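Student: One file: target-v9.cif (mmCIF, C-alpha atoms, pLDDT in the B column; chains and numbers go by the auth columns).
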data_run
#
loop_
_atom_site.group_PDB
_atom_site.id
_atom_site.type_symbol
_atom_site.label_atom_id
_atom_site.label_comp_id
_atom_site.label_asym_id
_atom_site.label_seq_id
_atom_site.Cartn_x
_atom_site.Cartn_y
_atom_site.Cartn_z
_atom_site.B_iso_or_equiv
_atom_site.auth_seq_id
_atom_site.auth_asym_id
ATOM 1 C CA MET A 1 99.982 53.690 278.444 53.00 77 A
ATOM 2 C CA SER A 2 97.761 52.063 281.078 56.00 78 A
ATOM 3 C CA ALA A 3 96.812 55.418 282.623 54.00 79 A
ATOM 4 C CA PHE A 4 95.822 56.724 279.194 46.00 80 A
ATOM 5 C CA ARG A 5 93.647 53.647 278.584 51.00 81 A
ATOM 6 C CA ASP A 6 91.924 54.049 281.996 54.00 82 A
ATOM 7 C CA ALA A 7 91.190 57.725 281.318 49.00 83 A
ATOM 8 C CA ALA A 8 89.815 56.935 277.866 48.00 84 A
ATOM 9 C CA ARG A 9 87.644 54.154 279.297 54.00 85 A
ATOM 10 C CA ARG A 10 86.215 56.459 281.992 54.00 86 A
ATOM 11 C CA ALA A 11 85.480 59.149 279.407 48.00 87 A
ATOM 12 C CA TRP A 12 83.735 56.571 277.215 51.00 88 A
ATOM 13 C CA LEU A 13 81.597 55.392 280.158 50.00 89 A
ATOM 14 C CA LEU A 14 80.600 58.954 281.078 47.00 90 A
ATOM 15 C CA ALA A 15 79.768 60.010 277.512 48.00 91 A
ATOM 16 C CA PRO A 16 76.100 58.829 277.559 52.00 92 A
ATOM 17 C CA ALA A 17 75.392 60.667 280.819 47.00 93 A
ATOM 18 C CA VAL A 18 77.027 63.871 279.549 45.00 94 A
ATOM 19 C CA LEU A 19 75.079 63.625 276.282 42.00 95 A
ATOM 20 C CA ALA A 20 71.773 63.079 278.127 47.00 96 A
ATOM 21 C CA LEU A 21 72.442 66.066 280.372 46.00 97 A
ATOM 22 C CA ALA A 22 73.321 68.252 277.376 45.00 98 A
ATOM 23 C CA LEU A 23 70.132 67.220 275.563 48.00 99 A
ATOM 24 C CA TRP A 24 68.001 67.890 278.650 46.00 100 A
ATOM 25 C CA ALA A 25 69.590 71.329 279.114 53.00 101 A
ATOM 26 C CA ALA A 26 68.870 72.174 275.475 55.00 102 A
ATOM 27 C CA LEU A 27 65.136 71.580 275.927 54.00 103 A
ATOM 28 C CA PRO A 28 62.906 74.629 276.466 55.00 104 A
ATOM 29 C CA ALA A 29 62.033 75.207 280.132 48.00 105 A
ATOM 30 C CA GLU A 30 58.372 74.290 279.496 45.00 106 A
ATOM 31 C CA ALA A 31 59.360 70.866 278.194 45.00 107 A
ATOM 32 C CA ARG A 32 61.629 70.202 281.174 40.00 108 A
ATOM 33 C CA GLU A 33 58.839 71.197 283.603 43.00 109 A
ATOM 34 C CA ALA A 34 56.281 69.067 281.729 41.00 110 A
ATOM 35 C CA GLY A 35 58.535 66.064 282.139 42.00 111 A
ATOM 36 C CA ARG A 36 58.746 66.618 285.867 41.00 112 A
ATOM 37 C CA GLY A 37 54.961 66.959 286.150 38.00 113 A
ATOM 38 C CA ALA A 38 54.383 63.736 284.245 35.00 114 A
ATOM 39 C CA ARG A 39 56.485 61.812 286.784 33.00 115 A
ATOM 40 C CA ALA A 40 54.601 63.204 289.782 35.00 116 A
ATOM 41 C CA GLN A 41 51.639 60.869 290.029 36.00 117 A
ATOM 42 C CA GLY A 42 48.882 61.833 292.439 39.00 118 A
ATOM 43 C CA ALA A 43 49.618 65.145 294.140 43.00 119 A
ATOM 44 C CA PRO A 44 50.927 68.079 292.083 45.00 120 A
ATOM 45 C CA ALA A 45 54.735 68.212 291.741 45.00 121 A
ATOM 46 C CA ALA A 46 54.951 71.359 293.875 45.00 122 A
ATOM 47 C CA ILE A 47 53.198 69.687 296.803 50.00 123 A
ATOM 48 C CA LYS A 48 55.257 66.497 296.460 50.00 124 A
ATOM 49 C CA SER A 49 58.419 68.595 296.819 57.00 125 A
ATOM 50 C CA LEU A 50 57.338 69.958 300.218 64.00 126 A
ATOM 51 C CA PRO A 51 58.784 68.447 303.362 69.00 127 A
ATOM 52 C CA ALA A 52 56.327 66.828 305.762 69.00 128 A
ATOM 53 C CA SER A 53 57.099 69.709 308.099 72.00 129 A
ATOM 54 C CA GLY A 54 59.873 72.280 308.497 89.00 130 A
ATOM 55 C CA ASP A 55 61.412 75.219 306.673 94.00 131 A
ATOM 56 C CA ILE A 56 60.074 76.131 303.240 96.00 132 A
ATOM 57 C CA SER A 57 60.896 78.892 300.771 95.00 133 A
ATOM 58 C CA ALA A 58 58.543 81.624 299.588 96.00 134 A
ATOM 59 C CA GLY A 59 58.073 79.681 296.339 95.00 135 A
ATOM 60 C CA GLN A 60 57.135 76.538 298.226 95.00 136 A
ATOM 61 C CA ALA A 61 54.737 78.582 300.380 96.00 137 A
ATOM 62 C CA ARG A 62 53.134 79.961 297.197 96.00 138 A
ATOM 63 C CA ASP A 63 52.715 76.395 295.919 95.00 139 A
ATOM 64 C CA LEU A 64 51.295 75.274 299.258 95.00 140 A
ATOM 65 C CA LEU A 65 48.742 78.095 299.190 96.00 141 A
ATOM 66 C CA ALA A 66 47.798 77.289 295.594 95.00 142 A
ATOM 67 C CA ASN A 67 46.839 73.758 296.669 94.00 143 A
ATOM 68 C CA PRO A 68 46.471 73.856 300.464 95.00 144 A
ATOM 69 C CA PRO A 69 46.107 70.736 302.577 94.00 145 A
ATOM 70 C CA GLU A 70 42.750 70.419 304.266 94.00 146 A
ATOM 71 C CA GLY A 71 42.298 72.870 307.145 96.00 147 A
ATOM 72 C CA LEU A 72 45.581 74.759 306.597 97.00 148 A
ATOM 73 C CA ILE A 73 46.000 77.539 309.153 97.00 149 A
ATOM 74 C CA ILE A 74 48.100 80.503 308.008 98.00 150 A
ATOM 75 C CA LEU A 75 49.699 82.307 310.954 98.00 151 A
ATOM 76 C CA ASP A 76 51.365 85.703 310.750 98.00 152 A
ATOM 77 C CA VAL A 77 53.268 86.231 314.008 98.00 153 A
ATOM 78 C CA ARG A 78 54.135 89.898 313.407 98.00 154 A
ATOM 79 C CA THR A 79 52.618 92.807 315.307 97.00 155 A
ATOM 80 C CA PRO A 80 49.078 93.960 314.428 97.00 156 A
ATOM 81 C CA GLN A 81 50.554 97.105 312.812 97.00 157 A
ATOM 82 C CA GLU A 82 52.834 95.013 310.572 97.00 158 A
ATOM 83 C CA PHE A 83 49.884 92.739 309.733 98.00 159 A
ATOM 84 C CA ARG A 84 47.775 95.726 308.622 97.00 160 A
ATOM 85 C CA GLU A 85 50.564 96.811 306.249 96.00 161 A
ATOM 86 C CA GLY A 86 50.137 93.576 304.272 97.00 162 A
ATOM 87 C CA HIS A 87 49.852 89.842 304.874 97.00 163 A
ATOM 88 C CA LEU A 88 49.206 86.574 303.079 97.00 164 A
ATOM 89 C CA ALA A 89 45.628 86.039 301.973 96.00 165 A
ATOM 90 C CA GLY A 90 43.696 84.124 304.623 96.00 166 A
ATOM 91 C CA ALA A 91 46.319 84.713 307.324 98.00 167 A
ATOM 92 C CA ARG A 92 45.458 85.041 310.977 97.00 168 A
ATOM 93 C CA ASN A 93 47.485 87.445 313.125 97.00 169 A
ATOM 94 C CA MET A 94 48.947 86.050 316.357 97.00 170 A
ATOM 95 C CA ASP A 95 51.439 88.603 317.674 97.00 171 A
ATOM 96 C CA PHE A 96 54.496 86.702 318.913 97.00 172 A
ATOM 97 C CA PHE A 97 55.301 89.542 321.303 95.00 173 A
ATOM 98 C CA GLY A 98 51.687 89.865 322.446 91.00 174 A
ATOM 99 C CA GLY A 99 51.024 88.648 325.962 89.00 175 A
ATOM 100 C CA SER A 100 48.647 85.866 324.927 93.00 176 A
ATOM 101 C CA PHE A 101 50.742 84.126 322.251 95.00 177 A
ATOM 102 C CA GLU A 102 51.459 80.943 324.227 94.00 178 A
ATOM 103 C CA ARG A 103 47.801 80.620 325.245 95.00 179 A
ATOM 104 C CA GLN A 104 46.747 81.024 321.592 96.00 180 A
ATOM 105 C CA VAL A 105 49.263 78.356 320.546 96.00 181 A
ATOM 106 C CA GLU A 106 47.837 75.910 323.090 95.00 182 A
ATOM 107 C CA ALA A 107 44.378 76.432 321.567 95.00 183 A
ATOM 108 C CA LEU A 108 45.512 75.465 318.046 96.00 184 A
ATOM 109 C CA PRO A 109 44.419 72.055 316.734 96.00 185 A
ATOM 110 C CA LYS A 110 47.398 69.684 316.903 95.00 186 A
ATOM 111 C CA ASP A 111 46.699 67.685 313.716 95.00 187 A
ATOM 112 C CA THR A 112 45.984 70.653 311.443 96.00 188 A
ATOM 113 C CA PRO A 113 48.808 71.892 309.176 97.00 189 A
ATOM 114 C CA VAL A 114 50.120 75.397 309.913 97.00 190 A
ATOM 115 C CA LEU A 115 51.946 77.793 307.583 97.00 191 A
ATOM 116 C CA LEU A 116 53.917 80.161 309.798 96.00 192 A
ATOM 117 C CA TYR A 117 55.734 83.371 308.882 98.00 193 A
ATOM 118 C CA CYS A 118 56.936 86.785 310.068 97.00 194 A
ATOM 119 C CA ARG A 119 58.939 89.557 308.378 97.00 195 A
ATOM 120 C CA THR A 120 62.372 87.884 308.156 96.00 196 A
ATOM 121 C CA GLY A 121 61.894 84.426 309.672 96.00 197 A
ATOM 122 C CA LYS A 122 63.390 85.045 313.116 96.00 198 A
ATOM 123 C CA ARG A 123 60.203 85.432 315.167 97.00 199 A
ATOM 124 C CA SER A 124 58.469 82.690 313.219 97.00 200 A
ATOM 125 C CA ALA A 125 61.413 80.316 313.861 96.00 201 A
ATOM 126 C CA ALA A 126 60.957 80.847 317.603 96.00 202 A
ATOM 127 C CA ALA A 127 57.183 80.511 317.182 97.00 203 A
ATOM 128 C CA ALA A 128 57.660 77.245 315.263 96.00 204 A
ATOM 129 C CA GLU A 129 59.557 75.821 318.228 95.00 205 A
ATOM 130 C CA LEU A 130 56.714 76.793 320.564 95.00 206 A
ATOM 131 C CA LEU A 131 54.136 75.232 318.228 96.00 207 A
ATOM 132 C CA GLY A 132 56.167 72.027 318.109 95.00 208 A
ATOM 133 C CA GLU A 133 56.471 71.946 321.902 95.00 209 A
ATOM 134 C CA ALA A 134 52.696 72.433 322.116 96.00 210 A
ATOM 135 C CA GLY A 135 52.184 69.321 319.975 96.00 211 A
ATOM 136 C CA VAL A 136 51.412 70.827 316.558 96.00 212 A
ATOM 137 C CA LYS A 137 52.624 68.164 314.136 93.00 213 A
ATOM 138 C CA ARG A 138 52.746 69.793 310.678 95.00 214 A
ATOM 139 C CA ILE A 139 54.444 73.181 310.725 97.00 215 A
ATOM 140 C CA TYR A 140 55.527 74.815 307.462 97.00 216 A
ATOM 141 C CA HIS A 141 57.843 77.665 308.389 97.00 217 A
ATOM 142 C CA MET A 142 58.494 80.237 305.634 97.00 218 A
ATOM 143 C CA HIS A 143 62.088 80.636 306.780 93.00 219 A
ATOM 144 C CA HIS A 144 62.918 83.955 305.104 95.00 220 A
ATOM 145 C CA GLY A 145 59.539 85.494 305.869 96.00 221 A
ATOM 146 C CA LEU A 146 57.577 88.090 303.972 96.00 222 A
ATOM 147 C CA GLU A 147 60.757 89.778 302.793 96.00 223 A
ATOM 148 C CA SER A 148 61.453 86.798 300.511 96.00 224 A
ATOM 149 C CA TRP A 149 57.772 86.671 299.500 97.00 225 A
ATOM 150 C CA GLN A 150 57.889 90.310 298.417 96.00 226 A
ATOM 151 C CA GLN A 151 61.274 89.903 296.686 96.00 227 A
ATOM 152 C CA ALA A 152 59.662 87.167 294.600 94.00 228 A
ATOM 153 C CA GLY A 153 56.986 89.676 293.549 95.00 229 A
ATOM 154 C CA LEU A 154 54.171 87.745 295.219 96.00 230 A
ATOM 155 C CA PRO A 155 51.000 89.561 296.310 95.00 231 A
ATOM 156 C CA LEU A 156 49.991 90.666 299.783 96.00 232 A
ATOM 157 C CA GLN A 157 46.537 91.402 301.095 95.00 233 A
ATOM 158 C CA LYS A 158 45.779 94.582 303.037 90.00 234 A
#
Could you render the structure as structure tokens?
Tutor:
Amino acid sequence: MSAFRDAARRAWLLAPAVLALALWAALPAEAREAGRGARAQGAPAAIKSLPASGDISAGQARDLLANPPEGLIILDVRTPQEFREGHLAGARNMDFFGGSFERQVEALPKDTPVLLYCRTGKRSAAAAELLGEAGVKRIYHMHHGLESWQQAGLPLQK
């Protein structure tokens, strides 16, 4: 009988949380998003969800570009041919495999935020390490690269 009473008590204590979750899930998506935006005071909710530095998704990169921090540098570390096929608006091409990549990294301002990407995220991950070693403090690495950007249906510039 005691085990039954304990189970009933736990169920009774969880009921309000389950009810609140069910009510929230029943709301239209716009209402749920509006609630999130109302809680984010100051910076837009999308920017508040970004890490100070590190890996970000294509969606987070889109949000970052919609409201960029001051001086944001967008670096595409693919080859010039890949860059010509399509890149993020405002991106600068710095070929990771080009002979002058490390020299170009050293010339970057250290306190300016950088959005870094390649095709799949492999070259840009290695480039992010080099930028960090060079003293760049705020590196946003689009960890699945332009492939994830394109899969999300986001635009490229040619």
Student: Which residue gives the smallest distance to Pro189 of chain A among A:Asn143, A:Leu222, A:Lys213, A:Glu158, with all atoms listed in the file counted?
Tutor: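 Among A:Asn143, A:Leu222, A:Lys213, A:Glu158, it is A:Lys213 that comes nearest to Pro189 of chain A.
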Student: Which residues come within 7 Å of Lys234 of chain A, counting all atoms listed in the file, excluding same-chain residues fewer than 5 positions away, as a ChimeraX atom specification?
Tutor: /A:160-163
Student: Residues of the last selection are to be written out with C-alpha atoms, as a compact mmCIF listing (two decimals), keeping the file's coordinate frame.
Tutor:
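Generated output (again-v5.txt):
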# COMPACT_ATOMS: atom_id res chain seq x y z
CA ARG A 160 47.78 95.73 308.62
CA GLU A 161 50.56 96.81 306.25
CA GLY A 162 50.14 93.58 304.27
CA HIS A 163 49.85 89.84 304.87
Student: Which residues are near Leu148 of chain A? Cut-off 8 Å, all atoms listed in the file, ignore same chain within fewer than 6 positions. Put them as a VMD selection string.
Tutor: chain A and resid 188 to 191
Student: Would you kindly translate the PyMOL selection byres ((chain A and resi 228) around 12) into the concrete residues it picks from this file, as a ChimeraX atom specification?
Tutor: /A:133-138,220-227,229-232
Student: By how many Å are atom CA of Asp131 of chain A and atom CA of Glu205 of chain A apart?
Tutor: 11.7 Å
Student: Would you pick out the contacts of Ala203 of chain A at 9 Å or less, using all atoms listed in the file, so that residues sharing its chain but fewer than 4 positions from it are not included, and give the list as a PyMOL selection string?
Tutor: chain A and resi 153+172+177+181+192-193+198-199+207-208
Student: Where does the PyMOL selection byres ((chain A and resi 182) around 10) land in this file, that is, which residues does it pick, as a PyMOL selection string?
Tutor: chain A and resi 177-181+183-186+206-207+209-212
Student: Which residue gives the smallest distance to Asp171 of chain A among A:Thr155, A:Ser200, A:Gln233, A:Ser129, with only C-alpha atoms counted?
Tutor: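 Ranking A:Thr155, A:Ser200, A:Gln233, A:Ser129 by distance to Asp171 of chain A, first place goes to A:Thr155.
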Student: Rank nothing, just name the residue among A:Glu146, A:Leu151, A:Leu141, A:Pro156 nearest to Ile215 of chain A, using all atoms listed in the file.
Tutor: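 Smallest separation from Ile215 of chain A among the options: A:Leu151.
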Student: For the atom pair atom CA of Asp152 of chain A and atom CA of Asn169 of chain A, what is the interatomic distance in Å to one decimal place?
Tutor: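 Rounded to one decimal, the two atoms are 4.9 Å apart.
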Student: Expressed in Å to a single decimal, how great is the separation between atom CA of Pro145 of chain A and atom CA of Gln157 of chain A?
Tutor: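 Those two atoms sit 28.6 Å apart.
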Student: Could you check which of A:Gly130, A:Cys194, A:Gly175, A:Asp187 is closest to Arg154 of chain A, using all atoms listed in the file?
Tutor: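 Smallest separation from Arg154 of chain A among the options: A:Cys194.
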